[in-house]
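Below is upload-v6.cif, holding mmCIF, C-alpha atoms.
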```cif
data_final
loop_
_atom_site.group_PDB
_atom_site.id
_atom_site.type_symbol
_atom_site.label_atom_id
_atom_site.label_comp_id
_atom_site.auth_asym_id
_atom_site.auth_seq_id
_atom_site.Cartn_x
_atom_site.Cartn_y
_atom_site.Cartn_z
ATOM 1 C CA MET O 276 -171.382 144.964 69.741
ATOM 2 C CA VAL O 277 -169.511 148.256 69.837
ATOM 3 C CA HIS O 278 -166.678 148.845 67.377
ATOM 4 C CA ALA O 279 -164.328 151.766 68.011
ATOM 5 C CA TYR O 280 -161.144 153.305 66.677
ATOM 6 C CA VAL O 281 -158.737 154.829 69.182
ATOM 7 C CA MET O 282 -156.125 157.269 67.908
ATOM 8 C CA VAL O 283 -153.017 157.433 70.075
ATOM 9 C CA ALA O 284 -150.271 160.054 70.201
ATOM 10 C CA ALA O 285 -147.020 158.664 71.591
ATOM 11 C CA GLU O 286 -143.872 160.343 72.826
ATOM 12 C CA SER O 287 -141.086 160.522 70.264
ATOM 13 C CA GLY O 288 -139.560 157.092 69.676
ATOM 14 C CA GLU O 289 -142.053 155.304 71.937
ATOM 15 C CA SER O 290 -144.539 154.061 69.304
ATOM 16 C CA PRO O 291 -143.203 150.469 69.110
ATOM 17 C CA ALA O 292 -143.261 149.991 72.899
ATOM 18 C CA VAL O 293 -146.701 151.574 73.211
ATOM 19 C CA LEU O 294 -148.018 149.396 70.382
ATOM 20 C CA SER O 295 -146.635 146.260 72.019
ATOM 21 C CA THR O 296 -148.357 147.033 75.318
ATOM 22 C CA ILE O 297 -151.695 148.137 73.858
ATOM 23 C CA SER O 298 -151.900 145.134 71.530
ATOM 24 C CA GLU O 299 -152.138 142.844 74.574
ATOM 25 C CA PHE O 300 -155.200 144.530 76.099
ATOM 26 C CA GLU O 301 -158.494 142.658 76.115
ATOM 27 C CA ASN O 302 -160.934 143.873 73.427
ATOM 28 C CA VAL O 303 -158.137 145.225 71.186
ATOM 29 C CA THR O 304 -158.595 143.484 67.849
ATOM 30 C CA GLU O 305 -155.950 145.303 65.775
ATOM 31 C CA SER O 306 -153.363 148.013 66.293
ATOM 32 C CA HIS O 307 -151.028 149.753 63.889
ATOM 33 C CA ILE O 308 -148.312 152.393 63.855
ATOM 34 C CA VAL O 309 -149.308 154.976 61.253
ATOM 35 C CA ALA O 310 -147.964 158.157 59.699
ATOM 36 C CA GLY O 311 -149.869 161.377 60.184
ATOM 37 C CA GLU O 312 -151.317 163.398 63.042
ATOM 38 C CA TRP O 313 -151.609 160.304 65.267
ATOM 39 C CA ASP O 314 -148.961 157.657 65.882
ATOM 40 C CA LEU O 315 -151.177 154.595 66.361
ATOM 41 C CA ILE O 316 -154.636 153.453 65.384
ATOM 42 C CA VAL O 317 -156.181 150.857 67.670
ATOM 43 C CA GLU O 318 -159.363 148.917 66.831
ATOM 44 C CA VAL O 319 -161.554 147.813 69.707
ATOM 45 C CA ASP O 320 -164.574 145.501 69.872
ATOM 46 C CA ALA O 321 -166.621 145.319 73.060
ATOM 47 C CA ASP O 322 -170.111 144.370 74.167
ATOM 48 C CA ARG O 323 -170.862 147.788 75.649
ATOM 49 C CA ILE O 324 -169.650 151.329 75.121
ATOM 50 C CA TYR O 325 -168.676 151.435 78.797
ATOM 51 C CA GLU O 326 -166.063 148.741 78.123
ATOM 52 C CA VAL O 327 -164.518 150.853 75.361
ATOM 53 C CA LEU O 328 -164.411 153.939 77.571
ATOM 54 C CA LYS O 329 -162.912 151.981 80.467
ATOM 55 C CA LEU O 330 -160.257 150.449 78.197
ATOM 56 C CA VAL O 331 -159.199 153.857 76.929
ATOM 57 C CA SER O 332 -159.242 155.715 80.242
ATOM 58 C CA SER O 333 -157.925 152.980 82.545
ATOM 59 C CA ASN O 334 -155.553 151.118 80.236
ATOM 60 C CA VAL O 335 -154.526 152.872 77.023
ATOM 61 C CA GLY O 336 -154.334 156.325 78.579
ATOM 62 C CA THR O 337 -152.075 155.111 81.385
ATOM 63 C CA VAL O 338 -149.467 153.369 79.221
ATOM 64 C CA GLU O 339 -146.031 154.941 79.615
ATOM 65 C CA GLY O 340 -145.291 156.955 76.479
ATOM 66 C CA VAL O 341 -148.920 157.787 75.616
ATOM 67 C CA GLU O 342 -149.445 161.536 75.315
ATOM 68 C CA ALA O 343 -153.065 161.698 74.136
ATOM 69 C CA THR O 344 -155.934 159.619 72.813
ATOM 70 C CA ARG O 345 -159.061 160.260 70.784
ATOM 71 C CA THR O 346 -161.840 157.674 70.488
ATOM 72 C CA TYR O 347 -164.242 157.284 67.583
ATOM 73 C CA ILE O 348 -167.227 154.954 67.934
ATOM 74 C CA ALA O 349 -168.325 153.359 64.648
ATOM 75 C CA LEU O 350 -171.994 154.053 63.942
ATOM 76 C CA GLU O 351 -172.464 151.540 61.167
#
```
The structure given in the file should be rewritten as C-alpha cells.
Amino acid sequence: MVHAYVMVAAESGESPAVLSTISEFENVTESHIVAGEWDLIVEVDADRIYEVLKLVSSNVGTVEGVEATRTYIALE
C-alpha cells in the first residue's frame, strides 16, 4: 500500500469547490482546507505508486481552480 500527501494550491476563493471535487476521487481518503503555503492537503491510499501519480496528474491537476500540486509519498 502506498500512502501519499498531495498539497494543492487553489485560485483565490476556489478552495471549497476544489475540495468538493477532489474529495470524490477514488483513492482519496481525506482532504482538508488548510492555512499556510498550500490551500489543501489531500491524503491518498493506493496499491501502487503509479495510481497515486495518475490520480494527481490526470485528476487533481486538471480540476478547475487548481494552480499547482506537490506530492509527498510516505516512507513509513
Result set, the PyMOL selection byres ((chain O and resi 282) around 9) on current file, as a PyMOL selection string
chain O and resi 280-281+283-284+313-317+343-347
Kindly save the residues from that selection, with C-alpha atoms included, as a CSV table (one decimal), in the coordinates of the input.
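Done, and the output landed in selection-v3.csv:
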```
chain,number,residue,atom,x,y,z
O,280,TYR,CA,-161.1,153.3,66.7
O,281,VAL,CA,-158.7,154.8,69.2
O,283,VAL,CA,-153.0,157.4,70.1
O,284,ALA,CA,-150.3,160.1,70.2
O,313,TRP,CA,-151.6,160.3,65.3
O,314,ASP,CA,-149.0,157.7,65.9
O,315,LEU,CA,-151.2,154.6,66.4
O,316,ILE,CA,-154.6,153.5,65.4
O,317,VAL,CA,-156.2,150.9,67.7
O,343,ALA,CA,-153.1,161.7,74.1
O,344,THR,CA,-155.9,159.6,72.8
O,345,ARG,CA,-159.1,160.3,70.8
O,346,THR,CA,-161.8,157.7,70.5
O,347,TYR,CA,-164.2,157.3,67.6
```
Starting from the PyMOL selection byres ((chain O and resi 323) around 12), expand the selection into actual residues of this file and give them as a ChimeraX atom specification.
/O:276-279,302,319-322,324-330,348
Considering all atoms listed in the file, state which residue in the set O:Val338, O:Val331, O:Ala349, O:Ala310 is at the smallest distance from Leu294 in chain O.
O:Val338
Excluding Ala292 in chain O and residues on its chain fewer than 3 positions from it, collect all residues at most 12 Å away from it, counting only C-alpha atoms, and give them as a list in words.
Ala285, Glu286, Ser287, Gly288, Glu289, Ser295, Thr296, Ile297, Ser298, Glu299, His307, Ile308, Asp314, Leu315, Val338, Glu339, Gly340 and Val341 of chain O
Quick one: write out the picked residues with C-alpha atoms as an mmCIF file, in the coordinates of the input?
```
data_model
loop_
_atom_site.group_PDB
_atom_site.id
_atom_site.type_symbol
_atom_site.label_atom_id
_atom_site.label_comp_id
_atom_site.auth_asym_id
_atom_site.auth_seq_id
_atom_site.Cartn_x
_atom_site.Cartn_y
_atom_site.Cartn_z
ATOM 1 C CA ALA O 285 -147.020 158.664 71.591
ATOM 2 C CA GLU O 286 -143.872 160.343 72.826
ATOM 3 C CA SER O 287 -141.086 160.522 70.264
ATOM 4 C CA GLY O 288 -139.560 157.092 69.676
ATOM 5 C CA GLU O 289 -142.053 155.304 71.937
ATOM 6 C CA SER O 295 -146.635 146.260 72.019
ATOM 7 C CA THR O 296 -148.357 147.033 75.318
ATOM 8 C CA ILE O 297 -151.695 148.137 73.858
ATOM 9 C CA SER O 298 -151.900 145.134 71.530
ATOM 10 C CA GLU O 299 -152.138 142.844 74.574
ATOM 11 C CA HIS O 307 -151.028 149.753 63.889
ATOM 12 C CA ILE O 308 -148.312 152.393 63.855
ATOM 13 C CA ASP O 314 -148.961 157.657 65.882
ATOM 14 C CA LEU O 315 -151.177 154.595 66.361
ATOM 15 C CA VAL O 338 -149.467 153.369 79.221
ATOM 16 C CA GLU O 339 -146.031 154.941 79.615
ATOM 17 C CA GLY O 340 -145.291 156.955 76.479
ATOM 18 C CA VAL O 341 -148.920 157.787 75.616
#
```
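Between CA of Val303 in chain O and CA of Leu350 in chain O the interatomic distance comes to 18.0 Å.
One distance worth recording is that between CA of Ser290 in chain O and CA of Val309 in chain O, which is 9.4 Å.
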Output, as JSON, the centre and edge lengths in Å (one decimal) of the axis-aligned box that contains all listed atoms of range 314-320 of chain O with 8 Å of margin on each side.
```
{"center_x": -156.8, "center_y": 151.6, "center_z": 67.6, "size_x": 31.6, "size_y": 28.2, "size_z": 20.5}
```
When you get a chance, write out N, CA and C atoms for range 313-349 of chain O, as an mmCIF file, in the frame of the given file.
```
data_model
loop_
_atom_site.group_PDB
_atom_site.id
_atom_site.type_symbol
_atom_site.label_atom_id
_atom_site.label_comp_id
_atom_site.auth_asym_id
_atom_site.auth_seq_id
_atom_site.Cartn_x
_atom_site.Cartn_y
_atom_site.Cartn_z
ATOM 1 N N TRP O 313 -151.656 161.275 64.159
ATOM 2 C CA TRP O 313 -151.609 160.304 65.267
ATOM 3 C C TRP O 313 -150.530 159.274 64.989
ATOM 4 N N ASP O 314 -150.031 158.637 66.026
ATOM 5 C CA ASP O 314 -148.961 157.657 65.882
ATOM 6 C C ASP O 314 -149.459 156.224 65.777
ATOM 7 N N LEU O 315 -150.602 155.943 66.398
ATOM 8 C CA LEU O 315 -151.177 154.595 66.361
ATOM 9 C C LEU O 315 -152.675 154.682 66.126
ATOM 10 N N ILE O 316 -153.197 153.661 65.474
ATOM 11 C CA ILE O 316 -154.636 153.453 65.384
ATOM 12 C C ILE O 316 -154.917 152.089 65.994
ATOM 13 N N VAL O 317 -155.841 152.075 66.946
ATOM 14 C CA VAL O 317 -156.181 150.857 67.670
ATOM 15 C C VAL O 317 -157.659 150.562 67.444
ATOM 16 N N GLU O 318 -157.970 149.332 67.011
ATOM 17 C CA GLU O 318 -159.363 148.917 66.831
ATOM 18 C C GLU O 318 -159.803 148.129 68.043
ATOM 19 N N VAL O 319 -161.015 148.424 68.499
ATOM 20 C CA VAL O 319 -161.554 147.813 69.707
ATOM 21 C C VAL O 319 -162.952 147.280 69.435
ATOM 22 N N ASP O 320 -163.237 146.078 69.898
ATOM 23 C CA ASP O 320 -164.574 145.501 69.872
ATOM 24 C C ASP O 320 -164.964 145.160 71.302
ATOM 25 N N ALA O 321 -166.145 145.592 71.708
ATOM 26 C CA ALA O 321 -166.621 145.319 73.060
ATOM 27 C C ALA O 321 -168.135 145.158 73.033
ATOM 28 N N ASP O 322 -168.665 144.561 74.089
ATOM 29 C CA ASP O 322 -170.111 144.370 74.167
ATOM 30 C C ASP O 322 -170.843 145.670 74.460
ATOM 31 N N ARG O 323 -170.212 146.540 75.254
ATOM 32 C CA ARG O 323 -170.862 147.788 75.649
ATOM 33 C C ARG O 323 -169.905 148.959 75.502
ATOM 34 N N ILE O 324 -170.471 150.125 75.274
ATOM 35 C CA ILE O 324 -169.650 151.329 75.121
ATOM 36 C C ILE O 324 -168.839 151.597 76.381
ATOM 37 N N TYR O 325 -169.392 151.255 77.536
ATOM 38 C CA TYR O 325 -168.676 151.435 78.797
ATOM 39 C C TYR O 325 -167.339 150.694 78.775
ATOM 40 N N GLU O 326 -167.304 149.520 78.185
ATOM 41 C CA GLU O 326 -166.063 148.741 78.123
ATOM 42 C C GLU O 326 -165.008 149.453 77.275
ATOM 43 N N VAL O 327 -165.445 150.095 76.205
ATOM 44 C CA VAL O 327 -164.518 150.853 75.361
ATOM 45 C C VAL O 327 -163.961 152.033 76.150
ATOM 46 N N LEU O 328 -164.837 152.769 76.809
ATOM 47 C CA LEU O 328 -164.411 153.939 77.571
ATOM 48 C C LEU O 328 -163.476 153.554 78.708
ATOM 49 N N LYS O 329 -163.770 152.450 79.375
ATOM 50 C CA LYS O 329 -162.912 151.981 80.467
ATOM 51 C C LYS O 329 -161.542 151.567 79.932
ATOM 52 N N LEU O 330 -161.520 150.865 78.806
ATOM 53 C CA LEU O 330 -160.257 150.449 78.197
ATOM 54 C C LEU O 330 -159.381 151.659 77.902
ATOM 55 N N VAL O 331 -159.977 152.684 77.307
ATOM 56 C CA VAL O 331 -159.199 153.857 76.929
ATOM 57 C C VAL O 331 -158.730 154.636 78.153
ATOM 58 N N SER O 332 -159.620 154.885 79.092
ATOM 59 C CA SER O 332 -159.242 155.715 80.242
ATOM 60 C C SER O 332 -158.365 154.979 81.258
ATOM 61 N N SER O 333 -158.651 153.709 81.504
ATOM 62 C CA SER O 333 -157.925 152.980 82.545
ATOM 63 C C SER O 333 -156.699 152.226 82.037
ATOM 64 N N ASN O 334 -156.666 151.907 80.757
ATOM 65 C CA ASN O 334 -155.553 151.118 80.236
ATOM 66 C C ASN O 334 -154.712 151.900 79.231
ATOM 67 N N VAL O 335 -155.297 152.216 78.086
ATOM 68 C CA VAL O 335 -154.526 152.872 77.023
ATOM 69 C C VAL O 335 -153.948 154.196 77.504
ATOM 70 N N GLY O 336 -154.767 155.003 78.144
ATOM 71 C CA GLY O 336 -154.334 156.325 78.579
ATOM 72 C C GLY O 336 -153.270 156.318 79.654
ATOM 73 N N THR O 337 -153.073 155.180 80.312
ATOM 74 C CA THR O 337 -152.075 155.111 81.385
ATOM 75 C C THR O 337 -150.767 154.444 80.960
ATOM 76 N N VAL O 338 -150.690 154.006 79.714
ATOM 77 C CA VAL O 338 -149.467 153.369 79.221
ATOM 78 C C VAL O 338 -148.344 154.406 79.161
ATOM 79 N N GLU O 339 -147.177 154.034 79.674
ATOM 80 C CA GLU O 339 -146.031 154.941 79.615
ATOM 81 C C GLU O 339 -145.705 155.256 78.160
ATOM 82 N N GLY O 340 -145.582 156.530 77.845
ATOM 83 C CA GLY O 340 -145.291 156.955 76.479
ATOM 84 C C GLY O 340 -146.503 157.468 75.729
ATOM 85 N N VAL O 341 -147.706 157.269 76.263
ATOM 86 C CA VAL O 341 -148.920 157.787 75.616
ATOM 87 C C VAL O 341 -149.116 159.239 76.035
ATOM 88 N N GLU O 342 -149.236 160.109 75.041
ATOM 89 C CA GLU O 342 -149.445 161.536 75.315
ATOM 90 C C GLU O 342 -150.919 161.926 75.249
ATOM 91 N N ALA O 343 -151.662 161.327 74.317
ATOM 92 C CA ALA O 343 -153.065 161.698 74.136
ATOM 93 C C ALA O 343 -153.789 160.590 73.383
ATOM 94 N N THR O 344 -155.104 160.568 73.562
ATOM 95 C CA THR O 344 -155.934 159.619 72.813
ATOM 96 C C THR O 344 -157.189 160.334 72.315
ATOM 97 N N ARG O 345 -157.773 159.787 71.278
ATOM 98 C CA ARG O 345 -159.061 160.260 70.784
ATOM 99 C C ARG O 345 -159.814 159.015 70.328
ATOM 100 N N THR O 346 -161.056 158.874 70.777
ATOM 101 C CA THR O 346 -161.840 157.674 70.488
ATOM 102 C C THR O 346 -162.991 158.004 69.552
ATOM 103 N N TYR O 347 -163.148 157.165 68.540
ATOM 104 C CA TYR O 347 -164.242 157.284 67.583
ATOM 105 C C TYR O 347 -165.060 155.987 67.617
ATOM 106 N N ILE O 348 -166.336 156.109 67.910
ATOM 107 C CA ILE O 348 -167.227 154.954 67.934
ATOM 108 C C ILE O 348 -167.836 154.808 66.541
ATOM 109 N N ALA O 349 -167.724 153.621 65.964
ATOM 110 C CA ALA O 349 -168.325 153.359 64.648
ATOM 111 C C ALA O 349 -169.844 153.305 64.782
#
```
